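I have placed the structure first, in the form of structure tokens, so that the comments after it can refer back to it.
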Amino acid sequence: MKQVFTGPRSLKPAIFHYCPGCGHSIIHRLVAEVIDELDIQDRTIGVPPAGCAVLAYNYFDVDMGEAPHGRAVAVATGIKRVLPDRVVFTYQGDGDIAAIGTGGTVHAANRGEKLTVIFVNNGVYGMTGGQMAPTTLEGMVSTTTPGGRDLSRDGYPLDLTQMLAVAGGTVYLERVAVNSPKNIRRAKKAIRKAFQVQLDGLGFSLVEILSPCPTNWKMSPVDAWKWIDEHMTRVFPLGVIKDQTGYDDKPGDEK
């Protein structure tokens with residue numbers, strides 16, 4: 001019998017600890033599939049900081065370097081500069097990269113550090129109990145905004161990826177989602193392109209991924225998927241935000 005589907009080599013045979021319906025499991029697989037397809041497993045280094053994916057080293061079968069909260073891009077910069085032949089990626093949540101890690105990320109992007117950043121946006125601090133994050137939507141209920149985010153009190157949701165578009169060193173920025181088969185295919189295509197940017201030495205690349213968090217959103221997984229389409233994408237529209245790669249992408253080509 002011909003085997004047509006199997007697990008990626010770059011994922012360990014471990015059971016994920018993520019909550020039911022969480023997008024991290026899907027994103028982990030997509031990143032691992034891209035690493036396999038590009039044949040870079042033996043020279044890839046991942047850098048997760050504190051957050052839901054703090055245990056990513058239990059799942060990715062590549063070298064991993066843990067970073068303090070918000071410092072993944074800084075740690076990745078040091079690794080890449082010392083080992084320029086390695087493929088270095090960070091895996092960060094919105095509470096990390098868009099809050100305590102904002103400054104380091106902006107300056108690394110502006111310098112054009114040859115890194116690939118996977119930015120998972122679920123609109124809350126997931127690991128620590130669902131507090132308001134920089135990306136929490138207006139009116140969105142969290143443990144620290146039980147009456148919903150109030151713009152006059154809490155400010156606006158932060159669109160970090162759009163902010164990075166003005167940085168001279170950013171080459172490729174795209175926002176995708178993992179709430180439908182079609183969006184998952186697009187997300188994989190974006191992740192692969194972001195890694196290719198690094199392989200070609202072009203500069204800084206980042207893929208923002210809208211991801212469901214049913215536990216902290218107090219929703220079923222199905223409702224969480226719908227909520228991304230009905231609410232998150234209105235504030236964080238999907239699509240390419242910046243592309244200076246010069247690559248000739250073919251419509252519908254998921255690779």
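Letters A, B, ... mark the chains of the structure tokens in the order given; residue numbers begin at 1 per chain; ligand numbers begin at 1, in order shown.
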Worksheet entry | A:Cys52 surroundings by only C-alpha atoms, 8 Å radius, close-in-sequence under 6 positions cut, as a list of chain:residue names |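 My reading of the contact set: A:Tyr18, A:Gly93, A:Gly126, A:Met127.
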Selection export as a PDB file, in the first residue's frame, atoms kept: C-alpha atoms:
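After the write, result34.pdb holds the following:
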ATOM      1  CA  TYR A  18      -1.673  22.907  23.327  1.00  0.00           C
ATOM      2  CA  GLY A  93       3.241  35.299  20.215  1.00  0.00           C
ATOM      3  CA  GLY A 126      -2.438  32.951  26.061  1.00  0.00           C
ATOM      4  CA  MET A 127      -0.052  31.190  28.420  1.00  0.00           C
TER       5      MET A 127
END
Discussion item. I need the residue nearest A:Ala224 from this list: A:Val197, A:Leu115, A:Asn179, A:Asp243. Use only C-alpha atoms for the distance.
Written reply: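 Checking each candidate against A:Ala224, we get A:Asn179 as the closest.
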Worksheet item: Which neighbours of A:Cys19 fall inside 10 Å, counting only C-alpha atoms, when residues of the same chain fewer than 4 positions from it are skipped, and could you give them as a list in words?
Response: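 My list of contacting residues is Gly23, His24, Ser25, Cys52, Cys213, Pro214, Thr215, Asn216 and Pro221 of chain A.
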Would you mind exporting C-alpha atoms of the selected residues as a compact mmCIF listing (two decimals), in the first residue's frame?
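Generated file (result38.txt):
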# COMPACT_ATOMS: atom_id res chain seq x y z
CA GLY A 23 -3.57 27.09 16.10
CA HIS A 24 -0.04 26.41 17.36
CA SER A 25 -0.22 22.72 16.43
CA CYS A 52 2.43 29.32 24.69
CA CYS A 213 -7.41 30.62 21.05
CA PRO A 214 -10.70 28.93 22.02
CA THR A 215 -9.76 28.54 25.69
CA ASN A 216 -9.11 32.20 26.40
CA PRO A 221 -12.98 25.68 18.23
Practice prompt. From stretch 5-223 of chain A, collect each residue whose DSSP state is strand (DSSP E) and return the set as a PyMOL selection string.
Written response: chain A and resi 44-47+63-64+87-93+116-121+124-125+131-132+170-177+204-210
Practice prompt. Rank A:Phe5, A:Thr77, A:Glu33, A:Tyr91 by their smallest atom-to-atom distance to A:Val54, using only C-alpha atoms, and report the top residue only.
Written response: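 Ranking A:Phe5, A:Thr77, A:Glu33, A:Tyr91 by distance to A:Val54, first place goes to A:Tyr91.
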Worksheet item: Closest to A:Lys114 among A:Val235, A:Val171, A:Ile100, A:Leu30, using only C-alpha atoms?
Response: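 Nearest candidate to A:Lys114 out of A:Val235, A:Val171, A:Ile100, A:Leu30: A:Val171.
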Fill in: For A:Leu210: contacts at 9 Å, only C-alpha atoms, fewer than 4 positions along chain excluded, given as a VMD selection string
chain A and resid 23 119 to 123 175 to 179 228 232 to 233 236 238
Practice prompt. Pick out the closest residue to A:Phe16 from this set: A:Val31, A:Val88, A:Met1, A:Leu55. Count only C-alpha atoms.
Written response: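 Looking at the shortest contact to A:Phe16, the residue is A:Leu55.
Proximity ranking of A:Ala74, A:Asp249, A:Val166, A:Val106 relative to A:Lys189 places A:Asp249 first, based on only C-alpha atoms.
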Worksheet item: Could you name the residues that touch stretch 57-63 of chain A at 10 Å or less, counting only C-alpha atoms, but leaving out those on the same chain fewer than 6 positions away, as number ranges by chain?
Response: A: 8-17, 25, 28-29, 31-32, 35, 40-48, 88
Using C-alpha atoms, can you export the residues from the last selection as a compact mmCIF listing (two decimals), in the first residue's frame?
# COMPACT_ATOMS: atom_id res chain seq x y z
CA PRO A 8 7.23 15.87 8.92
CA ARG A 9 10.74 14.70 9.72
CA SER A 10 11.38 18.00 11.48
CA LEU A 11 8.70 17.31 14.11
CA LYS A 12 9.38 14.94 16.97
CA PRO A 13 6.83 12.18 17.68
CA ALA A 14 5.50 14.00 20.74
CA ILE A 15 1.93 14.76 21.80
CA PHE A 16 1.23 18.50 21.70
CA HIS A 17 0.32 20.15 25.00
CA SER A 25 -0.22 22.72 16.43
CA HIS A 28 4.22 23.91 14.06
CA ARG A 29 3.43 21.40 11.35
CA VAL A 31 6.98 25.26 9.74
CA ALA A 32 8.28 21.67 9.96
CA ILE A 35 11.98 22.92 6.75
CA ILE A 40 17.48 22.58 5.87
CA GLN A 41 16.76 20.51 8.98
CA ASP A 42 20.43 19.97 9.78
CA ARG A 43 21.23 23.71 9.78
CA THR A 44 18.07 25.28 11.19
CA ILE A 45 17.95 26.90 14.63
CA GLY A 46 14.64 27.94 16.21
CA VAL A 47 14.34 30.55 18.95
CA PRO A 48 11.13 30.58 21.03
CA VAL A 88 17.48 30.99 12.10
Discussion item. Need the shell around A:Val240: protein/DNA/RNA residues with any atom at most 10 Å away, counting only C-alpha atoms. Skip same-chain ones fewer than 5 positions apart. Format as a PyMOL selection string?
Written reply: chain A and resi 172-176+190+207
Fill in: Counting only C-alpha atoms, the residue of A:Ile79, A:Ala165, A:Leu202, A:Val87 that sits nearest A:Tyr247
A:Leu202
Can you list every residue in stretch 12-213 of chain A that DSSP puts in helix (DSSP H, G or I), as a compact mmCIF listing (two decimals) with N, CA and C atoms, in the first residue's frame?
# COMPACT_ATOMS: atom_id res chain seq x y z
N HIS A 24 -1.48 26.68 17.31
CA HIS A 24 -0.04 26.41 17.36
C HIS A 24 0.31 25.05 16.75
N SER A 25 -0.52 24.04 16.97
CA SER A 25 -0.22 22.72 16.43
C SER A 25 -0.15 22.74 14.91
N ILE A 26 -1.09 23.46 14.30
CA ILE A 26 -1.10 23.59 12.84
C ILE A 26 0.14 24.32 12.37
N ILE A 27 0.45 25.43 13.04
CA ILE A 27 1.59 26.25 12.62
C ILE A 27 2.90 25.49 12.79
N HIS A 28 3.02 24.74 13.88
CA HIS A 28 4.22 23.91 14.06
C HIS A 28 4.40 22.98 12.86
N ARG A 29 3.33 22.34 12.47
CA ARG A 29 3.43 21.40 11.35
C ARG A 29 3.83 22.12 10.07
N LEU A 30 3.25 23.27 9.82
CA LEU A 30 3.57 24.01 8.59
C LEU A 30 5.05 24.39 8.56
N VAL A 31 5.56 24.90 9.68
CA VAL A 31 6.98 25.26 9.74
C VAL A 31 7.85 24.02 9.50
N ALA A 32 7.49 22.91 10.12
CA ALA A 32 8.28 21.67 9.96
C ALA A 32 8.23 21.17 8.52
N GLU A 33 7.06 21.24 7.89
CA GLU A 33 6.95 20.82 6.49
C GLU A 33 7.84 21.66 5.59
N VAL A 34 7.88 22.97 5.84
CA VAL A 34 8.72 23.85 5.03
C VAL A 34 10.20 23.52 5.23
N ILE A 35 10.59 23.29 6.47
CA ILE A 35 11.98 22.92 6.75
C ILE A 35 12.36 21.65 6.00
N ASP A 36 11.46 20.67 6.00
CA ASP A 36 11.71 19.42 5.28
C ASP A 36 11.84 19.67 3.78
N GLU A 37 10.90 20.42 3.23
CA GLU A 37 10.87 20.63 1.78
C GLU A 37 12.09 21.42 1.29
N GLN A 41 16.91 20.95 7.60
CA GLN A 41 16.76 20.51 8.98
C GLN A 41 18.08 20.52 9.74
N ASP A 42 19.16 20.11 9.09
CA ASP A 42 20.43 19.97 9.78
C ASP A 42 21.12 21.30 10.05
N ARG A 43 20.59 22.41 9.52
CA ARG A 43 21.23 23.71 9.78
C ARG A 43 20.24 24.78 10.24
N ALA A 56 8.45 24.70 22.56
CA ALA A 56 8.58 24.31 21.15
C ALA A 56 9.73 23.35 20.93
N TYR A 57 10.73 23.41 21.78
CA TYR A 57 11.87 22.50 21.63
C TYR A 57 11.47 21.04 21.84
N ASN A 58 10.31 20.82 22.46
CA ASN A 58 9.82 19.44 22.61
C ASN A 58 9.24 18.89 21.31
N ALA A 72 13.50 37.19 21.70
CA ALA A 72 13.81 36.16 20.70
C ALA A 72 14.56 36.72 19.50
N VAL A 73 14.14 37.87 18.99
CA VAL A 73 14.81 38.43 17.82
C VAL A 73 16.24 38.84 18.17
N ALA A 74 16.45 39.33 19.39
CA ALA A 74 17.81 39.70 19.80
C ALA A 74 18.70 38.47 19.89
N VAL A 75 18.18 37.40 20.49
CA VAL A 75 18.96 36.16 20.58
C VAL A 75 19.21 35.58 19.19
N ALA A 76 18.18 35.61 18.35
CA ALA A 76 18.34 35.10 16.99
C ALA A 76 19.36 35.91 16.20
N THR A 77 19.39 37.21 16.42
CA THR A 77 20.37 38.07 15.74
C THR A 77 21.78 37.64 16.10
N GLY A 78 22.02 37.40 17.41
CA GLY A 78 23.35 36.96 17.83
C GLY A 78 23.74 35.63 17.22
N ILE A 79 22.78 34.68 17.19
CA ILE A 79 23.07 33.37 16.61
C ILE A 79 23.40 33.49 15.12
N LYS A 80 22.59 34.26 14.40
CA LYS A 80 22.79 34.40 12.96
C LYS A 80 24.10 35.09 12.63
N ARG A 81 24.48 36.08 13.42
CA ARG A 81 25.73 36.79 13.13
C ARG A 81 26.96 35.92 13.42
N VAL A 82 26.86 35.08 14.44
CA VAL A 82 27.97 34.18 14.76
C VAL A 82 28.00 32.99 13.81
N ASP A 94 1.88 37.31 20.11
CA ASP A 94 1.66 38.75 20.07
C ASP A 94 1.97 39.42 21.40
N GLY A 95 1.73 38.73 22.51
CA GLY A 95 2.06 39.30 23.81
C GLY A 95 3.55 39.45 24.02
N ASP A 96 4.33 38.73 23.24
CA ASP A 96 5.79 38.79 23.32
C ASP A 96 6.35 39.80 22.32
N ILE A 97 6.10 39.57 21.05
CA ILE A 97 6.75 40.37 20.02
C ILE A 97 6.18 41.79 19.93
N ALA A 98 4.90 41.96 20.26
CA ALA A 98 4.26 43.27 20.11
C ALA A 98 4.17 44.04 21.42
N ALA A 99 4.78 43.53 22.49
CA ALA A 99 4.78 44.22 23.78
C ALA A 99 6.22 44.39 24.26
N ILE A 100 6.68 43.49 25.10
CA ILE A 100 8.04 43.62 25.64
C ILE A 100 9.10 43.51 24.54
N THR A 102 8.82 44.67 21.34
CA THR A 102 8.62 45.59 20.21
C THR A 102 9.91 46.29 19.80
N GLY A 103 10.61 46.89 20.77
CA GLY A 103 11.80 47.67 20.44
C GLY A 103 12.86 46.85 19.72
N GLY A 104 13.17 45.68 20.25
CA GLY A 104 14.19 44.84 19.63
C GLY A 104 13.80 44.39 18.24
N THR A 105 12.51 44.11 18.06
CA THR A 105 12.04 43.67 16.75
C THR A 105 12.14 44.78 15.73
N VAL A 106 11.73 45.98 16.11
CA VAL A 106 11.77 47.13 15.19
C VAL A 106 13.19 47.39 14.72
N HIS A 107 14.14 47.39 15.64
CA HIS A 107 15.51 47.71 15.27
C HIS A 107 16.17 46.59 14.47
N ALA A 108 15.86 45.33 14.80
CA ALA A 108 16.39 44.22 14.00
C ALA A 108 15.85 44.27 12.58
N ALA A 109 14.56 44.59 12.46
CA ALA A 109 13.96 44.72 11.14
C ALA A 109 14.58 45.87 10.37
N ASN A 110 14.81 46.98 11.04
CA ASN A 110 15.38 48.14 10.37
C ASN A 110 16.83 47.90 9.93
N ARG A 111 17.54 47.08 10.70
CA ARG A 111 18.92 46.72 10.31
C ARG A 111 18.93 45.71 9.18
N LEU A 151 -11.01 51.83 23.98
CA LEU A 151 -9.97 52.57 23.28
C LEU A 151 -9.54 53.81 24.03
N SER A 152 -10.47 54.48 24.70
CA SER A 152 -10.11 55.69 25.43
C SER A 152 -9.24 55.40 26.65
N ARG A 153 -9.34 54.21 27.15
CA ARG A 153 -8.55 53.80 28.33
C ARG A 153 -7.32 52.98 27.94
N ASP A 154 -7.50 52.08 26.98
CA ASP A 154 -6.48 51.08 26.69
C ASP A 154 -5.73 51.32 25.38
N LEU A 160 1.63 45.67 14.47
CA LEU A 160 3.09 45.67 14.40
C LEU A 160 3.61 45.41 13.00
N THR A 161 2.97 44.51 12.28
CA THR A 161 3.47 44.15 10.95
C THR A 161 3.41 45.35 10.01
N GLN A 162 2.33 46.11 10.08
CA GLN A 162 2.24 47.33 9.27
C GLN A 162 3.31 48.33 9.69
N MET A 163 3.59 48.43 10.96
CA MET A 163 4.63 49.33 11.44
C MET A 163 5.99 48.95 10.86
N LEU A 164 6.25 47.65 10.79
CA LEU A 164 7.54 47.18 10.30
C LEU A 164 7.73 47.43 8.81
N PRO A 181 -8.93 25.34 5.59
CA PRO A 181 -7.95 24.67 4.73
C PRO A 181 -7.31 25.62 3.72
N LYS A 182 -8.10 26.49 3.12
CA LYS A 182 -7.57 27.44 2.14
C LYS A 182 -6.55 28.37 2.79
N ASN A 183 -6.88 28.90 3.96
CA ASN A 183 -5.95 29.80 4.64
C ASN A 183 -4.71 29.08 5.13
N ILE A 184 -4.86 27.82 5.52
CA ILE A 184 -3.70 27.05 5.95
C ILE A 184 -2.72 26.85 4.79
N ARG A 185 -3.23 26.58 3.60
CA ARG A 185 -2.36 26.44 2.43
C ARG A 185 -1.64 27.75 2.13
N ARG A 186 -2.36 28.86 2.25
CA ARG A 186 -1.73 30.17 2.02
C ARG A 186 -0.67 30.46 3.08
N ALA A 187 -0.96 30.04 4.31
CA ALA A 187 0.01 30.26 5.39
C ALA A 187 1.30 29.50 5.12
N LYS A 188 1.18 28.28 4.66
CA LYS A 188 2.39 27.51 4.36
C LYS A 188 3.19 28.15 3.24
N LYS A 189 2.51 28.64 2.24
CA LYS A 189 3.20 29.31 1.14
C LYS A 189 3.98 30.52 1.64
N ALA A 190 3.36 31.29 2.54
CA ALA A 190 4.01 32.48 3.08
C ALA A 190 5.22 32.10 3.93
N ILE A 191 5.07 31.06 4.76
CA ILE A 191 6.18 30.62 5.61
C ILE A 191 7.35 30.16 4.75
N ARG A 192 7.05 29.41 3.70
CA ARG A 192 8.12 28.94 2.81
C ARG A 192 8.84 30.12 2.16
N LYS A 193 8.07 31.11 1.73
CA LYS A 193 8.69 32.28 1.09
C LYS A 193 9.56 33.04 2.08
N ALA A 194 9.10 33.15 3.32
CA ALA A 194 9.89 33.86 4.34
C ALA A 194 11.22 33.16 4.59
N PHE A 195 11.21 31.83 4.63
CA PHE A 195 12.47 31.10 4.79
C PHE A 195 13.35 31.26 3.55
N GLN A 196 12.74 31.30 2.37
CA GLN A 196 13.53 31.46 1.14
C GLN A 196 14.23 32.81 1.12
N VAL A 197 13.56 33.84 1.65
CA VAL A 197 14.17 35.17 1.73
C VAL A 197 15.47 35.09 2.52
N GLN A 198 15.45 34.34 3.63
CA GLN A 198 16.66 34.19 4.42
C GLN A 198 17.72 33.38 3.68
N LEU A 199 17.30 32.30 3.04
CA LEU A 199 18.25 31.47 2.31
C LEU A 199 18.95 32.28 1.21
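Coordinates place atom CA of A:Thr135 at a distance of 7.1 Å from atom CA of A:Asp159.
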